[in-house]
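Below is one structure, written out as C-alpha cells; comments come after it.
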Amino acid sequence: MDISIIIINYNTKQLLYNCLTSLYNNTIGVKYEVIIVDNGSTDGSYELITKSFPEVLFINAGKNLGFGKGNNLGVKHATGEFLFLLNSDTILYENSIKMLYDFYCENEQALKIGVLGCKLVDENLQTINSGGGFPWVKNDLMEYYYLIKEKVTNKKIPARDTYDFNLPFFELDYVIGADMFMRKKHYDAVGGFDHAYFMYYEESDMQMALRKLGYKCYVITKTSIIHLEGGSTDRQKYSPFKRLVNQISRNYYFKKNDKKNYPIYLFTDMVLNLTRIFNRNYTFKENLDFVIKNIKSY
C-alpha cells in the first residue's frame with residue numbers, strides 16, 4: 001500500500017461525505033486506503049459513510065479524542081508507506097494526492113523532506129493559510145501588540161509569515177494540520193502527536209520534533225486543495241470551548257518548546273487574565289471559567 005489517508009470526523013457527516021466523494025473522484029495512479037476515525041459523532045456519520053463508501057475503514061473511537069489522539073489511533077491501523085492526514089472540511093478537485101506522492105519520492109533525499117503539504121485555497125480558489133513559522137513566545141506577545149494596533153488604527157496588520165506561491169515549492173517551519181503528507185516511519189520516529197494536546201498546536205509541535213531530527217517541511221504550489229474553514233484568521237472569535245482549548249494548548253506548547261521564555265509568557269498571560277474577565281464577546285461566567293481553567297493549566 002502506498003498511502004494511508006486518515007481523516008478525523010466529529011459530527012461533520014456532510015463535509016466528510018463531500019470530502020470522500022472528491023477524493024475518490026480525483027485520486028488515481030497510487031494505491032491508497034482511507035481510514036476514518038470517528039470521535040463519537042451523533043449525526044449519523046457512520047450510517048452514511050459506511051453505506052456510501054463501504055471500502056473505507058471506519059473506526060469508532062466512542063468519544064471525542066481530539067485531533068492528535070484521533071490521528072494516532074488511525075495510524076495504528078495504517079498499512080501504507082506514507083500517511084496523508086486530511087481534514088474532513090477539504091475538497092479535492094484534481095489529483096493532488098498523486099502529485100504530493102510524486103514530489104515527495106522524487107525530492108525526499110535532496111530536500112530532506114519530513115512533511116509535505118500543498119497550497120490550500122478557499123471556495124473561490126483564493127490562496128489561504130497553508131502553514132507558517134513555529135510559534136515562539138516573542139511572536140505570540142507581538143500578536144497582542146498587533147491586535148491593539150489594528151483596533152487603534154483600524155488597519156489590518158500583514159501576516160507575520162508570507163510566502164511566494166509563484167515558486168514551485170517553498171520551505172516553511174510547519175504544514176497546517178489540514179493536509180500533512182509524510183512517511184509513516186517519520187511519524188513513528190517522533191511518536192506521532194503528543195497526547196497532551198486535544199486540539200491546536202499539535203502539528204507545530206510534531207514538526208518541530210521532526211526538525212530536530214534533521215527533516216524539513218515544504219508546500220508545493222502546482223496543486224491545490226480547497227479548505228472550507230481555512231479562510232478564518234487566528235484573530236477570529238472562538239466558541240468558549242475552542243477559546244479554552246486553544247489557550248491550554250498554547251500554554252503547554254510554550255512550556256514544552258520555549259522553556260527559556262516561558263516565565264515571560266506566564267507573567268504576561270497572568271496580567272492578561274485581568275482583562276479577559278471583561279471580554280465582551282463572552283458572558284462573565286464564560287470569562288471567569290476561562291481564567292480559572294487557564295491558570296490551572298500553567
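To be explicit about the labels: the chains of the C-alpha cells are called A, B, and onward in the order shown, and within each one the residues are counted from 1, while ligands get numbers from 1 in the order they are shown.
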
Exercise. Can you pull out every residue within 10 Å of range 54-63 of chain A, counting only C-alpha atoms, but drop anything in the same chain fewer than 3 positions away, and send it as a ChimeraX atom specification?
Key: /A:5-10,20,33-41,45-46,48-51,66,69-70,73-74,77-78

Would you mind exporting C-alpha atoms of the selected residues as a tab-separated table (two decimals), in the first residue's frame?
```tsv
chain	number	residue	atom	x	y	z
A	5	ILE	CA	-5.30	8.59	4.12
A	6	ILE	CA	-6.54	9.36	7.63
A	7	ILE	CA	-9.48	11.66	8.29
A	8	ILE	CA	-10.81	12.63	11.72
A	9	ASN	CA	-14.56	13.12	11.93
A	10	TYR	CA	-16.67	14.69	14.62
A	20	LEU	CA	-14.58	11.43	0.32
A	33	GLU	CA	-6.61	3.19	1.73
A	34	VAL	CA	-8.93	5.53	3.60
A	35	ILE	CA	-9.22	5.37	7.38
A	36	ILE	CA	-11.92	7.36	9.14
A	37	VAL	CA	-11.55	7.89	12.88
A	38	ASP	CA	-14.89	8.99	14.28
A	39	ASN	CA	-14.69	10.88	17.57
A	40	GLY	CA	-18.08	9.85	18.90
A	41	SER	CA	-20.31	11.55	16.31
A	45	SER	CA	-21.91	9.75	10.12
A	46	TYR	CA	-21.39	6.01	10.49
A	48	LEU	CA	-23.99	7.49	5.74
A	49	ILE	CA	-20.28	6.85	5.24
A	50	THR	CA	-20.27	3.07	5.57
A	51	LYS	CA	-23.24	2.80	3.21
A	66	GLY	CA	-9.36	15.36	19.63
A	69	LYS	CA	-5.11	11.25	19.57
A	70	GLY	CA	-7.57	10.54	16.77
A	73	LEU	CA	-5.41	5.83	16.60
A	74	GLY	CA	-5.83	5.87	12.83
A	77	HIS	CA	-4.36	0.70	11.62
A	78	ALA	CA	-2.45	2.19	8.66
```

Self-check item: Polymer residues at most 7 Å from Gly133 in chain A, only C-alpha atoms, same-chain spacing of 6 or more positions, as a VMD selection string
Solution: chain A and resid 161 172 to 174

Counting only C-alpha atoms, what is within 12 Å of Glu286 in chain A, bar same-chain residues fewer than 3 positions away, as a CSV table (one decimal) with N, CA and C atoms, in the first residue's frame?
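The new file around-v6.csv reads:
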```csv
chain,number,residue,atom,x,y,z
A,239,SER,N,-15.6,29.8,19.9
A,239,SER,CA,-16.6,29.4,20.8
A,239,SER,C,-15.9,29.3,22.2
A,240,PRO,N,-16.6,29.4,23.3
A,240,PRO,CA,-16.0,29.3,24.6
A,240,PRO,C,-15.1,28.0,24.7
A,241,PHE,N,-15.6,26.9,24.2
A,241,PHE,CA,-14.8,25.7,24.2
A,241,PHE,C,-13.5,25.8,23.5
A,242,LYS,N,-13.6,26.2,22.2
A,242,LYS,CA,-12.4,26.3,21.4
A,242,LYS,C,-11.4,27.4,21.9
A,243,ARG,N,-12.0,28.5,22.5
A,243,ARG,CA,-11.1,29.5,23.1
A,243,ARG,C,-10.3,28.9,24.2
A,244,LEU,N,-10.9,28.1,25.1
A,244,LEU,CA,-10.2,27.5,26.2
A,244,LEU,C,-9.2,26.4,25.7
A,276,ARG,N,-9.3,39.7,30.6
A,276,ARG,CA,-10.1,38.7,30.0
A,276,ARG,C,-11.5,38.6,30.7
A,277,ILE,N,-11.5,38.9,32.0
A,277,ILE,CA,-12.8,38.9,32.7
A,277,ILE,C,-13.8,39.8,32.1
A,278,PHE,N,-13.3,40.8,31.4
A,278,PHE,CA,-14.2,41.8,30.8
A,278,PHE,C,-14.4,41.7,29.3
A,279,ASN,N,-14.0,40.6,28.7
A,279,ASN,CA,-14.1,40.3,27.3
A,279,ASN,C,-15.6,40.3,26.9
A,280,ARG,N,-16.0,41.3,26.1
A,280,ARG,CA,-17.5,41.4,25.8
A,280,ARG,C,-18.0,40.4,24.8
A,281,ASN,N,-17.1,39.6,24.2
A,281,ASN,CA,-17.5,38.6,23.3
A,281,ASN,C,-18.1,37.4,24.0
A,282,TYR,N,-17.9,37.3,25.4
A,282,TYR,CA,-18.4,36.2,26.1
A,282,TYR,C,-19.1,36.7,27.4
A,283,THR,N,-19.8,35.8,28.0
A,283,THR,CA,-20.5,36.2,29.3
A,283,THR,C,-19.5,36.2,30.4
A,289,ASP,N,-14.8,31.2,34.0
A,289,ASP,CA,-14.4,29.8,33.8
A,289,ASP,C,-13.1,29.7,33.0
A,290,PHE,N,-13.0,30.5,31.9
A,290,PHE,CA,-11.8,30.5,31.1
A,290,PHE,C,-10.5,30.9,31.9
A,291,VAL,N,-10.6,31.9,32.7
A,291,VAL,CA,-9.5,32.4,33.5
A,291,VAL,C,-9.1,31.3,34.5
A,292,ILE,N,-10.0,30.7,35.2
A,292,ILE,CA,-9.7,29.7,36.2
A,292,ILE,C,-9.0,28.5,35.6
A,293,LYS,N,-9.6,28.0,34.5
A,293,LYS,CA,-9.0,26.8,33.9
A,293,LYS,C,-7.7,27.1,33.2
A,294,ASN,N,-7.6,28.3,32.7
A,294,ASN,CA,-6.3,28.8,32.1
A,294,ASN,C,-5.2,28.8,33.2
```

Practice problem: Excluding range 198-207 of chain A and any residue of its chain fewer than 4 positions from it, enumerate the residues within 7 Å of it, using only C-alpha atoms, and give them as a list in words. | Solution: Gly66, Phe67, Gly68, Phe134, Tyr174, Ile176, Gly177, Phe193, Asp194, Arg211, Val245, Asn246, Ser249, Arg250 and Tyr253 of chain A

Quiz item: What gap, in Å, lies between CA of His227 in chain A and CA of Gln14 in chain A?
Solution: 14.5 Å

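For Val219 in chain A, the residues within 8 Å (counting only C-alpha atoms, excluding itself and residues fewer than 5 positions away along the chain) are Leu116, Gly117, Cys118, Lys119, Ser130, Phe169, Phe170, Glu171, Leu172 and Val175 of chain A.
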
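By only C-alpha atoms, and with residues fewer than 2 positions from Asn26 in chain A along its chain excluded, the set lying at most 7 Å from it is Ser22, Leu23, Tyr24, Ile28, Leu92, Tyr93, Glu94 and Asn95 of chain A.
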
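Atom to atom, CA of Lys212 in chain A and CA of Phe82 in chain A stand 20.4 Å apart.
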
Exercise. Between CA of Glu108 in chain A and CA of Met182 in chain A, measure the distance and give it in Å to one decimal.
Key: 10.2 Å

Practice problem: Give me the residues within 8 Å of range 42-44 of chain A as a ChimeraX atom specification, counting only C-alpha atoms and dropping any in the same chain fewer than 4 places off. | Solution: /A:11-13,48

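Taking only C-alpha atoms into account, Cys19 in chain A lies nearest to A:Asn87 out of the set A:Ser297, A:Asn139, A:Asn287, A:Asn87.
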
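Among the residues of range 184-232 of chain A, backbone DSSP assigns alpha helix (DSSP H) to Lys184, Lys185, His186, Tyr187, Asp188, Ala189, Glu202, Glu203, Ser204, Asp205, Met206, Gln207, Met208, Ala209, Leu210, Arg211 and Lys212 of chain A.
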
Quiz prompt | DSSP-assigned strand (DSSP E or B) members of range 30-144 of chain A, reported as a VMD selection string | solution = chain A and resid 32 to 38 57 to 60 82 to 87 90 to 92 113 to 121 127 131 to 132

Output N, CA and C atoms for every residue in the selection just made, as a CSV table (one decimal), in the first residue's frame.
```
chain,number,residue,atom,x,y,z
A,32,TYR,N,-4.0,3.3,-2.4
A,32,TYR,CA,-4.3,4.0,-1.1
A,32,TYR,C,-5.5,3.4,-0.4
A,33,GLU,N,-5.5,3.6,0.9
A,33,GLU,CA,-6.6,3.2,1.7
A,33,GLU,C,-7.1,4.4,2.5
A,34,VAL,N,-8.4,4.4,2.9
A,34,VAL,CA,-8.9,5.5,3.6
A,34,VAL,C,-9.4,5.0,5.0
A,35,ILE,N,-8.9,5.7,6.0
A,35,ILE,CA,-9.2,5.4,7.4
A,35,ILE,C,-9.9,6.6,8.0
A,36,ILE,N,-11.2,6.3,8.4
A,36,ILE,CA,-11.9,7.4,9.1
A,36,ILE,C,-11.9,7.1,10.6
A,37,VAL,N,-11.5,8.0,11.4
A,37,VAL,CA,-11.6,7.9,12.9
A,37,VAL,C,-12.7,8.8,13.3
A,38,ASP,N,-13.7,8.2,13.9
A,38,ASP,CA,-14.9,9.0,14.3
A,38,ASP,C,-14.8,9.2,15.8
A,57,LEU,N,-12.2,2.1,6.0
A,57,LEU,CA,-12.1,1.5,7.3
A,57,LEU,C,-12.6,2.6,8.3
A,58,PHE,N,-13.7,2.3,8.9
A,58,PHE,CA,-14.4,3.3,9.8
A,58,PHE,C,-14.1,2.8,11.2
A,59,ILE,N,-13.4,3.6,12.0
A,59,ILE,CA,-13.0,3.3,13.4
A,59,ILE,C,-13.8,4.3,14.3
A,60,ASN,N,-14.7,3.7,15.1
A,60,ASN,CA,-15.5,4.5,16.1
A,60,ASN,C,-14.7,4.6,17.4
A,82,PHE,N,3.3,5.7,3.2
A,82,PHE,CA,3.1,7.1,3.5
A,82,PHE,C,1.7,7.3,4.2
A,83,LEU,N,1.7,8.4,5.0
A,83,LEU,CA,0.4,8.9,5.6
A,83,LEU,C,0.0,10.2,5.0
A,84,PHE,N,-1.3,10.4,4.8
A,84,PHE,CA,-1.8,11.7,4.4
A,84,PHE,C,-2.9,12.0,5.4
A,85,LEU,N,-2.6,12.9,6.3
A,85,LEU,CA,-3.6,13.4,7.3
A,85,LEU,C,-4.4,14.5,6.7
A,86,LEU,N,-5.7,14.3,6.5
A,86,LEU,CA,-6.6,15.2,5.7
A,86,LEU,C,-7.8,15.6,6.6
A,87,ASN,N,-8.1,16.9,6.6
A,87,ASN,CA,-9.3,17.3,7.3
A,87,ASN,C,-10.5,16.9,6.5
A,90,THR,N,-12.2,19.5,3.7
A,90,THR,CA,-11.4,19.7,2.5
A,90,THR,C,-12.1,19.1,1.3
A,91,ILE,N,-11.8,19.7,0.1
A,91,ILE,CA,-12.3,19.2,-1.2
A,91,ILE,C,-11.2,19.1,-2.2
A,92,LEU,N,-11.0,17.9,-2.8
A,92,LEU,CA,-10.0,17.8,-3.8
A,92,LEU,C,-10.7,18.0,-5.2
A,113,ILE,N,13.0,15.9,3.2
A,113,ILE,CA,11.5,16.2,3.4
A,113,ILE,C,11.0,15.4,4.7
A,114,GLY,N,10.4,16.1,5.5
A,114,GLY,CA,9.7,15.5,6.7
A,114,GLY,C,8.2,15.5,6.4
A,115,VAL,N,7.6,16.7,6.3
A,115,VAL,CA,6.2,16.8,6.0
A,115,VAL,C,6.0,17.7,4.8
A,116,LEU,N,5.1,17.2,3.9
A,116,LEU,CA,4.8,18.0,2.7
A,116,LEU,C,3.3,18.3,2.7
A,117,GLY,N,3.0,19.6,2.2
A,117,GLY,CA,1.6,20.0,2.1
A,117,GLY,C,1.5,20.6,0.7
A,118,CYS,N,0.3,21.0,0.3
A,118,CYS,CA,0.1,21.7,-0.9
A,118,CYS,C,-0.6,23.0,-0.6
A,119,LYS,N,-0.8,23.8,-1.7
A,119,LYS,CA,-1.4,25.1,-1.5
A,119,LYS,C,-2.9,24.9,-1.1
A,120,LEU,N,-3.3,25.6,-0.1
A,120,LEU,CA,-4.7,25.5,0.3
A,120,LEU,C,-5.4,26.7,-0.2
A,121,VAL,N,-6.7,26.6,-0.6
A,121,VAL,CA,-7.4,27.7,-1.2
A,121,VAL,C,-8.8,27.6,-0.6
A,127,THR,N,-5.9,31.8,-2.4
A,127,THR,CA,-4.9,31.2,-1.5
A,127,THR,C,-5.1,31.6,-0.1
A,131,GLY,N,0.3,27.0,6.3
A,131,GLY,CA,1.3,26.7,7.3
A,131,GLY,C,2.0,27.9,7.7
A,132,GLY,N,3.1,27.8,8.4
A,132,GLY,CA,3.9,29.0,8.8
A,132,GLY,C,5.1,28.8,9.6
```

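Considering the residues A:Leu15, A:Leu228, A:Leu65, A:Leu274 and counting only C-alpha atoms, Glu123 in chain A has its shortest atom-to-atom contact with A:Leu228.
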
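Checking A:Cys105, A:Val271, A:Ile97, A:Val75 one by one against Asp188 in chain A, counting only C-alpha atoms, you find the shortest gap at A:Val75.
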